[in-house]
>>> print(open('start_34.cif').read())   # mmCIF, C-alpha atoms and all ligand atoms
data_run
loop_
_atom_site.label_atom_id
_atom_site.label_comp_id
_atom_site.auth_asym_id
_atom_site.auth_seq_id
_atom_site.Cartn_x
_atom_site.Cartn_y
_atom_site.Cartn_z
CA MET M 1 107.90 145.69 110.30
CA ASN M 2 111.25 143.91 110.14
CA PRO M 3 112.55 144.57 106.54
CA SER M 4 114.02 141.05 106.46
CA PHE M 5 110.44 139.79 106.02
CA ALA M 6 110.11 141.80 102.79
CA HIS M 7 111.11 140.69 99.28
CA PRO M 8 113.39 143.21 97.45
CA PRO M 9 111.39 145.05 94.71
CA SER M 10 113.79 143.74 92.03
CA GLU M 11 112.83 140.20 93.00
CA PHE M 12 109.25 140.49 91.75
CA LEU M 13 107.97 139.29 88.38
CA GLY M 14 105.44 141.86 87.11
CA VAL M 15 102.51 140.33 85.25
CA ASP M 16 100.00 142.15 83.03
CA PRO M 17 97.04 139.73 82.93
CA GLY M 18 95.96 141.20 79.58
CA ALA M 19 99.19 139.87 78.02
CA LEU M 20 98.31 136.29 79.00
CA SER M 21 95.54 133.97 77.89
CA PRO M 22 92.56 133.98 80.30
CA GLY M 23 93.49 130.45 81.37
CA ALA M 24 97.14 131.30 82.11
CA ALA M 25 96.23 134.45 84.07
CA HIS M 26 93.59 132.52 85.99
CA ARG M 27 96.09 129.80 86.96
CA LEU M 28 98.31 132.49 88.53
CA LEU M 29 95.34 134.13 90.28
CA LEU M 30 94.39 130.85 91.91
CA HIS M 31 97.81 130.62 93.59
CA CYS M 32 97.29 134.16 94.93
CA VAL M 33 93.76 133.61 96.23
CA ALA M 34 94.44 130.57 98.39
CA PRO M 35 93.60 128.55 100.36
CA ARG M 36 89.94 128.62 99.38
CA PRO M 37 87.09 126.79 101.10
CA ILE M 38 85.09 124.41 98.95
CA ALA M 39 81.31 124.57 98.50
CA LEU M 40 80.04 121.13 97.51
CA THR M 41 76.87 122.36 95.86
CA SER M 42 73.66 120.36 95.47
CA THR M 43 71.01 121.47 92.98
CA LEU M 44 68.04 120.07 91.06
CA SER M 45 67.26 120.52 87.38
CA PRO M 46 63.76 121.90 86.63
CA ASP M 47 62.58 118.30 86.06
CA GLY M 48 64.03 117.16 89.39
CA GLN M 49 67.34 115.54 88.35
CA PRO M 50 69.91 115.93 91.19
CA ASN M 51 73.32 117.47 90.56
CA LEU M 52 76.36 117.84 92.82
CA ALA M 53 79.59 119.75 92.13
CA PRO M 54 82.41 121.43 94.12
CA PHE M 55 83.20 125.15 93.82
CA SER M 56 86.17 126.83 95.51
CA TYR M 57 85.26 130.30 94.28
CA PHE M 58 83.24 130.54 97.45
CA MET M 59 82.95 133.20 100.12
CA ALA M 60 80.75 134.37 102.94
CA GLY M 61 79.00 137.70 102.49
CA GLY M 62 76.63 139.75 104.58
CA ALA M 63 74.96 138.90 107.86
CA ASN M 64 71.69 140.71 107.36
CA PRO M 65 70.48 138.68 105.56
CA LEU M 66 73.01 135.88 105.78
CA SER M 67 74.60 135.53 102.35
CA VAL M 68 77.18 133.52 100.42
CA VAL M 69 78.70 133.70 96.93
CA ILE M 70 79.92 130.95 94.60
CA SER M 71 81.14 131.35 91.03
CA PRO M 72 80.71 128.56 88.49
CA LEU M 73 82.69 129.83 85.51
CA THR M 74 81.25 129.69 82.04
CA ASN M 75 82.64 126.41 80.66
CA ARG M 76 85.36 125.88 78.04
CA ILE M 77 82.86 126.07 75.17
CA GLY M 78 81.20 129.21 76.54
CA GLY M 79 78.12 127.57 78.10
CA PRO M 80 76.81 127.50 81.67
CA LYS M 81 77.80 124.70 84.05
CA ASP M 82 74.90 122.52 85.26
CA THR M 83 74.96 124.09 88.74
CA LEU M 84 74.45 127.58 87.29
CA ARG M 85 71.68 126.38 84.94
CA ASN M 86 69.87 124.68 87.81
CA ILE M 87 70.15 127.58 90.26
CA GLU M 88 68.96 130.07 87.64
CA ALA M 89 66.01 127.80 86.83
CA THR M 90 64.98 126.76 90.37
CA GLY M 91 66.45 129.44 92.69
CA GLU M 92 67.47 126.83 95.30
CA TYR M 93 70.66 125.02 96.33
CA VAL M 94 72.57 123.56 99.26
CA ILE M 95 76.23 124.29 100.00
CA ASN M 96 77.91 121.44 101.89
CA VAL M 97 81.19 122.22 103.64
CA ALA M 98 84.12 120.17 102.33
CA THR M 99 86.29 118.18 104.73
CA HIS M 100 89.51 116.23 104.22
CA ALA M 101 87.66 112.94 104.81
CA LEU M 102 85.49 113.74 101.76
CA ARG M 103 88.34 114.69 99.40
CA GLU M 104 87.99 111.68 97.05
CA PRO M 105 84.18 111.85 96.63
CA ILE M 106 84.42 115.64 96.23
CA ASN M 107 86.97 115.20 93.46
CA LEU M 108 84.71 112.60 91.80
CA ALA M 109 81.75 115.01 92.04
CA SER M 110 83.72 117.46 89.86
CA ALA M 111 83.47 115.06 86.91
CA GLU M 112 81.87 116.70 83.90
CA LEU M 113 78.98 114.29 83.42
CA PRO M 114 76.28 114.95 80.79
CA TYR M 115 73.47 117.32 81.90
CA GLY M 116 70.98 115.32 83.98
CA ALA M 117 73.49 112.57 84.95
CA SER M 118 73.96 112.48 88.74
CA GLU M 119 77.30 113.00 90.48
CA TRP M 120 75.66 111.65 93.65
CA GLU M 121 75.90 108.05 92.49
CA PHE M 122 79.27 108.68 90.83
CA SER M 123 80.78 110.06 94.07
CA GLY M 124 79.02 107.65 96.45
CA LEU M 125 77.77 110.49 98.69
CA THR M 126 74.42 110.17 100.47
CA PRO M 127 71.51 112.59 99.91
CA VAL M 128 69.31 113.59 102.85
CA PRO M 129 66.24 115.83 102.53
CA SER M 130 66.70 119.53 103.29
CA VAL M 131 64.30 121.59 105.40
CA ARG M 132 63.58 124.79 103.43
CA VAL M 133 64.72 123.95 99.88
CA ARG M 134 64.15 121.01 97.52
CA PRO M 135 67.76 119.93 96.72
CA SER M 136 69.17 117.39 99.21
CA ARG M 137 72.12 118.03 101.49
CA VAL M 138 75.12 115.68 101.77
CA LEU M 139 74.84 113.44 104.84
CA GLU M 140 78.63 113.03 105.11
CA SER M 141 79.28 116.80 105.31
CA PRO M 142 79.31 118.15 108.90
CA MET M 143 77.90 121.54 107.89
CA ALA M 144 75.38 122.46 105.21
CA LEU M 145 73.79 125.76 104.17
CA GLU M 146 70.40 125.77 102.51
CA CYS M 147 70.33 128.72 100.10
CA ARG M 148 67.88 130.70 97.97
CA LEU M 149 69.11 132.66 94.99
CA PHE M 150 69.30 136.44 95.42
CA ARG M 151 71.01 137.35 92.14
CA VAL M 152 73.43 136.07 89.50
CA VAL M 153 75.99 138.67 88.46
CA PRO M 154 77.76 137.62 85.24
CA HIS M 155 81.15 139.25 84.72
CA GLY M 156 82.55 139.09 81.20
CA SER M 157 81.54 136.73 78.44
CA GLY M 158 82.80 133.58 76.75
CA PRO M 159 84.82 130.68 78.20
CA LEU M 160 86.02 131.04 81.83
CA SER M 161 84.00 134.20 82.53
CA GLY M 162 82.67 134.61 86.07
CA ASN M 163 79.09 134.13 87.25
CA TYR M 164 78.72 135.32 90.84
CA ILE M 165 75.78 133.54 92.38
CA ILE M 166 74.72 135.49 95.46
CA GLY M 167 72.51 133.47 97.75
CA GLU M 168 70.66 133.94 100.98
CA VAL M 169 71.27 131.25 103.61
CA VAL M 170 67.83 130.20 104.85
CA TYR M 171 68.80 127.22 107.04
CA LEU M 172 71.99 125.74 108.56
CA HIS M 173 72.77 122.12 109.50
CA LEU M 174 75.64 121.63 112.00
CA ALA M 175 76.74 118.14 113.06
CA ARG M 176 76.84 117.86 116.84
CA ASP M 177 80.31 116.27 116.74
CA VAL M 178 81.88 119.52 115.43
CA LEU M 179 80.08 121.67 118.01
CA ASP M 180 81.30 123.03 121.31
CA GLY M 181 78.07 124.16 122.94
CA ASP M 182 76.20 126.17 120.33
CA THR M 183 79.26 127.15 118.28
CA VAL M 184 81.63 125.29 115.95
CA ASP M 185 85.04 124.09 117.21
CA PRO M 186 87.30 124.35 114.11
CA ARG M 187 89.66 121.72 115.60
CA ARG M 188 86.91 119.16 115.02
CA VAL M 189 86.20 119.96 111.35
CA ASP M 190 89.38 119.33 109.29
CA TYR M 191 88.29 121.66 106.46
CA LEU M 192 89.46 120.80 102.94
CA THR M 193 90.78 123.82 101.04
CA ARG M 194 91.97 124.40 97.48
CA LEU M 195 95.14 126.22 96.41
CA GLY M 196 96.57 126.79 92.92
CA ALA M 197 96.94 124.02 90.32
CA GLU M 198 96.00 120.69 91.94
CA TRP M 199 97.22 121.56 95.44
CA TYR M 200 95.02 121.22 98.50
CA ALA M 201 95.48 121.82 102.22
CA HIS M 202 93.52 120.82 105.28
CA THR M 203 93.21 122.18 108.77
CA THR M 204 94.50 119.65 111.29
CA PRO M 205 94.50 121.02 114.89
CA GLU M 206 98.28 121.67 114.90
CA VAL M 207 98.04 124.25 112.07
CA LEU M 208 95.30 126.23 113.85
CA PHE M 209 95.86 129.15 116.22
CA GLU M 210 93.75 131.87 117.79
CA MET M 211 94.60 135.58 117.62
CA PRO M 212 92.29 138.06 119.35
CA ARG M 213 91.56 141.32 117.51
CA PRO M 214 93.28 144.49 118.80
CA PRO M 215 91.24 146.41 121.38
CA ARG M 216 88.99 149.20 120.11
CA VAL M 217 90.52 152.62 120.70
C1 LIG X 301 87.88 121.17 94.55
C2 LIG X 301 87.30 121.74 93.28
C3 LIG X 301 86.88 123.05 93.24
C4 LIG X 301 86.33 123.59 92.06
N1 LIG X 301 85.92 124.90 92.06
C5 LIG X 301 85.35 125.42 90.94
C6 LIG X 301 84.86 126.76 90.95
O1 LIG X 301 84.88 127.47 91.96
N2 LIG X 301 84.31 127.24 89.80
C7 LIG X 301 84.20 126.47 88.70
O2 LIG X 301 83.69 126.94 87.68
N3 LIG X 301 84.62 125.18 88.66
C8 LIG X 301 85.18 124.64 89.77
N4 LIG X 301 85.58 123.33 89.77
C9 LIG X 301 85.25 122.48 88.63
C10 LIG X 301 83.77 122.05 88.69
O3 LIG X 301 83.51 121.30 89.88
C11 LIG X 301 83.43 121.18 87.47
O4 LIG X 301 83.50 121.99 86.31
C12 LIG X 301 82.08 120.51 87.56
O5 LIG X 301 81.97 119.56 86.52
C13 LIG X 301 80.92 121.47 87.45
O6 LIG X 301 79.77 120.69 87.60
P1 LIG X 301 78.34 121.05 87.02
O7 LIG X 301 78.45 121.22 85.53
O8 LIG X 301 77.54 119.84 87.44
O9 LIG X 301 77.88 122.31 87.70
C14 LIG X 301 86.19 122.78 90.90
C15 LIG X 301 86.64 121.44 90.95
C16 LIG X 301 87.20 120.93 92.12
C17 LIG X 301 87.68 119.50 92.14
#
>>> encode(input="start_34.cif", output="structure tokens")
Amino acid sequence: MNPSFAHPPSEFLGVDPGALSPGAAHRLLLHCVAPRPIALTSTLSPDGQPNLAPFSYFMAGGANPLSVVISPLTNRIGGPKDTLRNIEATGEYVINVATHALREPINLASAELPYGASEWEFSGLTPVPSVRVRPSRVLESPMALECRLFRVVPHGSGPLSGNYIIGEVVYLHLARDVLDGDTVDPRRVDYLTRLGAEWYAHTTPEVLFEMPRPPRV
């Protein structure tokens, strides 16, 4: 590779995360792991109260079965976020794909309302019944994944510790206006993504490109 692309070794700041507070180290990590997709996650409490919240610690997993991971961190006072409580109690949730058009309601849905208070009304988003699980999906989202809990893997303890919720995708909803035949055309989606601090990006057609994989040898 052309060495002019590289940064000289002396021009790196070395960081030992153990020397920082968890919050400070995490803020740096979030600039490194970016841009992240956003899972606008719909759940129900055991007594049926709806909850909606965005999570950018979100990734696809295996194909057999189809799986996804989100991580609601343990909150600032060391307790579980409502989404984690609800998924542990009910085993069901819906991940709605975030788009740029939904950025304001998604931000509103991140409000820390008291347990049982609904971010649906607060954000103005519209619930529609799901097919295989009880929590609703978001009508305004062009893609939604109905999920059943496989396992929660807690990592660490106390405020800001991770809780990896591994779920099996049991049903997909794909809006016809983002489809090209039976597949998704990314130029029609305008995904909303999260970077570090309060930065976001979105995928307008001019930032997208295709790059075929190298041939198998
Ligand atoms: C775009 C966006 C992404 C977020 N991603 C996460 C995340 O991945 N993990 C997390 O713990 N909190 C995340 N948050 C904060 C939660 O949405 C927030 O704590 C919310 O109140 C949790 O809701 P709940 O208690 O109803 O589950 C994010 C906030 C925004 C605006």
>>> closest_atom_pairs(input="start_34.cif", of="range 31-59 of chain M", to="range 160-170 of chain M", cutoff="12 Å", atoms="all atoms listed in the file", output="Markdown table")
| residue | atom | partner | partner_atom | distance |
| --- | --- | --- | --- | --- |
| M:Thr41 | CA | M:Ile165 | CA | 11.8 |
| M:Phe55 | CA | M:Ile165 | CA | 11.3 |
| M:Tyr57 | CA | M:Tyr164 | CA | 8.9 |
| M:Phe58 | CA | M:Tyr164 | CA | 9.3 |
| M:Met59 | CA | M:Ile166 | CA | 9.7 |
>>> residues_near_ligand(input="start_34.cif", ligand="ligand LIG 301 (chain X)", cutoff="6 Å", atoms="only C-alpha atoms and all ligand atoms", output="ChimeraX atom specification")
/M:51-57,71-73,81-83,107,110-112,194
>>> write_last_selection(input="start_34.cif", atoms="C-alpha atoms", output="PDB file, in the coordinates of the input")
ATOM      1  CA  ASN M  51      73.320 117.470  90.560  1.00  0.00           C
ATOM      2  CA  LEU M  52      76.360 117.840  92.820  1.00  0.00           C
ATOM      3  CA  ALA M  53      79.590 119.750  92.130  1.00  0.00           C
ATOM      4  CA  PRO M  54      82.410 121.430  94.120  1.00  0.00           C
ATOM      5  CA  PHE M  55      83.200 125.150  93.820  1.00  0.00           C
ATOM      6  CA  SER M  56      86.170 126.830  95.510  1.00  0.00           C
ATOM      7  CA  TYR M  57      85.260 130.300  94.280  1.00  0.00           C
ATOM      8  CA  SER M  71      81.140 131.350  91.030  1.00  0.00           C
ATOM      9  CA  PRO M  72      80.710 128.560  88.490  1.00  0.00           C
ATOM     10  CA  LEU M  73      82.690 129.830  85.510  1.00  0.00           C
ATOM     11  CA  LYS M  81      77.800 124.700  84.050  1.00  0.00           C
ATOM     12  CA  ASP M  82      74.900 122.520  85.260  1.00  0.00           C
ATOM     13  CA  THR M  83      74.960 124.090  88.740  1.00  0.00           C
ATOM     14  CA  ASN M 107      86.970 115.200  93.460  1.00  0.00           C
ATOM     15  CA  SER M 110      83.720 117.460  89.860  1.00  0.00           C
ATOM     16  CA  ALA M 111      83.470 115.060  86.910  1.00  0.00           C
ATOM     17  CA  GLU M 112      81.870 116.700  83.900  1.00  0.00           C
ATOM     18  CA  ARG M 194      91.970 124.400  97.480  1.00  0.00           C
TER      19      ARG M 194
END
>>> atom_distance(input="start_34.cif", atom1="CA of Arg213 in chain M", atom2="CA of Pro8 in chain M")
29.7 Å
>>> atom_distance(input="start_34.cif", atom1="CA of Ala197 in chain M", atom2="CA of Arg103 in chain M")
15.6 Å
>>> closest_residue(input="start_34.cif", among="M:Ile95, M:Ala117, M:Glu104, M:Leu174", to="Ser67 in chain M", atoms="all atoms listed in the file")
M:Ile95
>>> closest_residue(input="start_34.cif", among="M:Leu66, M:Ala60, M:Val94, M:Val217", to="Ser136 in chain M", atoms="only C-alpha atoms")
M:Val94
>>> closest_residue(input="start_34.cif", among="M:Pro135, M:Gly196, M:Pro80, M:Pro105", to="Ser123 in chain M", atoms="all atoms listed in the file")
M:Pro105
>>> atom_distance(input="start_34.cif", atom1="CA of Val189 in chain M", atom2="CA of His100 in chain M")
8.7 Å
>>> residues_around(input="start_34.cif", residues="Val97 in chain M", least_positions_apart="2", cutoff="8 Å", atoms="all atoms listed in the file", output="PyMOL selection string")
chain M and resi 37-40+95+99+141-144+191
>>> residues_around(input="start_34.cif", residues="His202 in chain M", least_positions_apart="5", cutoff="6 Å", atoms="only C-alpha atoms", output="PyMOL selection string")
chain M and resi 190-193
>>> write_last_selection(input="start_34.cif", atoms="C-alpha atoms", output="compact mmCIF listing (two decimals), in the frame of the given file")
# COMPACT_ATOMS: atom_id res chain seq x y z
CA ASP M 190 89.38 119.33 109.29
CA TYR M 191 88.29 121.66 106.46
CA LEU M 192 89.46 120.80 102.94
CA THR M 193 90.78 123.82 101.04
>>> closest_residue(input="start_34.cif", among="M:His7, M:His155, M:His173, M:Arg27", to="Arg132 in chain M", atoms="only C-alpha atoms")
M:His173
>>> residues_near_point(input="start_34.cif", point="(99.4, 133.3, 88.5)", cutoff="12 Å", atoms="only C-alpha atoms", output="VMD selection string")
chain M and resid 13 to 17 20 to 34 195 to 197
>>> write_last_selection(input="start_34.cif", atoms="C-alpha atoms", output="CSV table (one decimal), keeping the file's coordinate frame")
chain,number,residue,atom,x,y,z
M,13,LEU,CA,108.0,139.3,88.4
M,14,GLY,CA,105.4,141.9,87.1
M,15,VAL,CA,102.5,140.3,85.2
M,16,ASP,CA,100.0,142.2,83.0
M,17,PRO,CA,97.0,139.7,82.9
M,20,LEU,CA,98.3,136.3,79.0
M,21,SER,CA,95.5,134.0,77.9
M,22,PRO,CA,92.6,134.0,80.3
M,23,GLY,CA,93.5,130.4,81.4
M,24,ALA,CA,97.1,131.3,82.1
M,25,ALA,CA,96.2,134.4,84.1
M,26,HIS,CA,93.6,132.5,86.0
M,27,ARG,CA,96.1,129.8,87.0
M,28,LEU,CA,98.3,132.5,88.5
M,29,LEU,CA,95.3,134.1,90.3
M,30,LEU,CA,94.4,130.8,91.9
M,31,HIS,CA,97.8,130.6,93.6
M,32,CYS,CA,97.3,134.2,94.9
M,33,VAL,CA,93.8,133.6,96.2
M,34,ALA,CA,94.4,130.6,98.4
M,195,LEU,CA,95.1,126.2,96.4
M,196,GLY,CA,96.6,126.8,92.9
M,197,ALA,CA,96.9,124.0,90.3
>>> axis_aligned_box(input="start_34.cif", around="range 182-192 of chain M", padding_each_side="8 Å", output="lines of an AutoDock Vina configuration file")
center_x = 82.9
center_y = 123.2
center_z = 111.6
size_x = 29.5
size_y = 24.0
size_z = 33.4
>>> build_atoms(input="start_34.cif", residues="range 78-101 of chain M", atoms="N, CA and C atoms", output="compact mmCIF listing (two decimals), keeping the file's coordinate frame")
# COMPACT_ATOMS: atom_id res chain seq x y z
N GLY M 78 81.98 127.97 76.41
CA GLY M 78 81.20 129.21 76.54
C GLY M 78 79.78 129.01 77.06
N GLY M 79 79.48 127.82 77.58
CA GLY M 79 78.12 127.57 78.10
C GLY M 79 78.11 127.54 79.62
N PRO M 80 76.90 127.54 80.21
CA PRO M 80 76.81 127.50 81.67
C PRO M 80 77.04 126.10 82.22
N LYS M 81 77.70 125.99 83.38
CA LYS M 81 77.80 124.70 84.05
C LYS M 81 76.41 124.32 84.58
N ASP M 82 76.23 123.01 84.84
CA ASP M 82 74.90 122.52 85.26
C ASP M 82 74.42 123.22 86.53
N THR M 83 75.33 123.45 87.47
CA THR M 83 74.96 124.09 88.74
C THR M 83 74.34 125.47 88.48
N LEU M 84 74.98 126.25 87.60
CA LEU M 84 74.45 127.58 87.29
C LEU M 84 73.08 127.47 86.61
N ARG M 85 72.98 126.56 85.63
CA ARG M 85 71.68 126.38 84.94
C ARG M 85 70.58 126.05 85.94
N ASN M 86 70.90 125.13 86.86
CA ASN M 86 69.87 124.68 87.81
C ASN M 86 69.48 125.78 88.79
N ILE M 87 70.47 126.53 89.28
CA ILE M 87 70.15 127.58 90.26
C ILE M 87 69.36 128.70 89.57
N GLU M 88 69.74 129.02 88.34
CA GLU M 88 68.96 130.07 87.64
C GLU M 88 67.53 129.61 87.41
N ALA M 89 67.36 128.31 87.14
CA ALA M 89 66.01 127.80 86.83
C ALA M 89 65.16 127.58 88.08
N THR M 90 65.78 127.16 89.19
CA THR M 90 64.98 126.76 90.37
C THR M 90 65.12 127.71 91.55
N GLY M 91 66.23 128.48 91.60
CA GLY M 91 66.45 129.44 92.69
C GLY M 91 66.86 128.81 94.01
N GLU M 92 67.17 127.49 94.02
CA GLU M 92 67.47 126.83 95.30
C GLU M 92 68.73 125.97 95.18
N TYR M 93 69.49 125.90 96.29
CA TYR M 93 70.66 125.02 96.33
C TYR M 93 71.11 124.82 97.76
N VAL M 94 71.99 123.82 97.94
CA VAL M 94 72.57 123.56 99.26
C VAL M 94 74.08 123.53 99.11
N ILE M 95 74.77 124.31 99.95
CA ILE M 95 76.23 124.29 100.00
C ILE M 95 76.66 123.42 101.17
N ASN M 96 77.41 122.36 100.87
CA ASN M 96 77.91 121.44 101.89
C ASN M 96 79.40 121.71 102.08
N VAL M 97 79.80 121.87 103.34
CA VAL M 97 81.19 122.22 103.64
C VAL M 97 82.08 121.01 103.39
N ALA M 98 83.21 121.26 102.70
CA ALA M 98 84.12 120.17 102.33
C ALA M 98 85.10 119.88 103.45
N THR M 99 85.29 118.60 103.74
CA THR M 99 86.29 118.18 104.73
C THR M 99 87.29 117.23 104.07
N HIS M 100 88.43 117.08 104.75
CA HIS M 100 89.51 116.23 104.22
C HIS M 100 89.02 114.79 104.02
N ALA M 101 88.16 114.32 104.93
CA ALA M 101 87.66 112.94 104.81
C ALA M 101 86.88 112.74 103.51
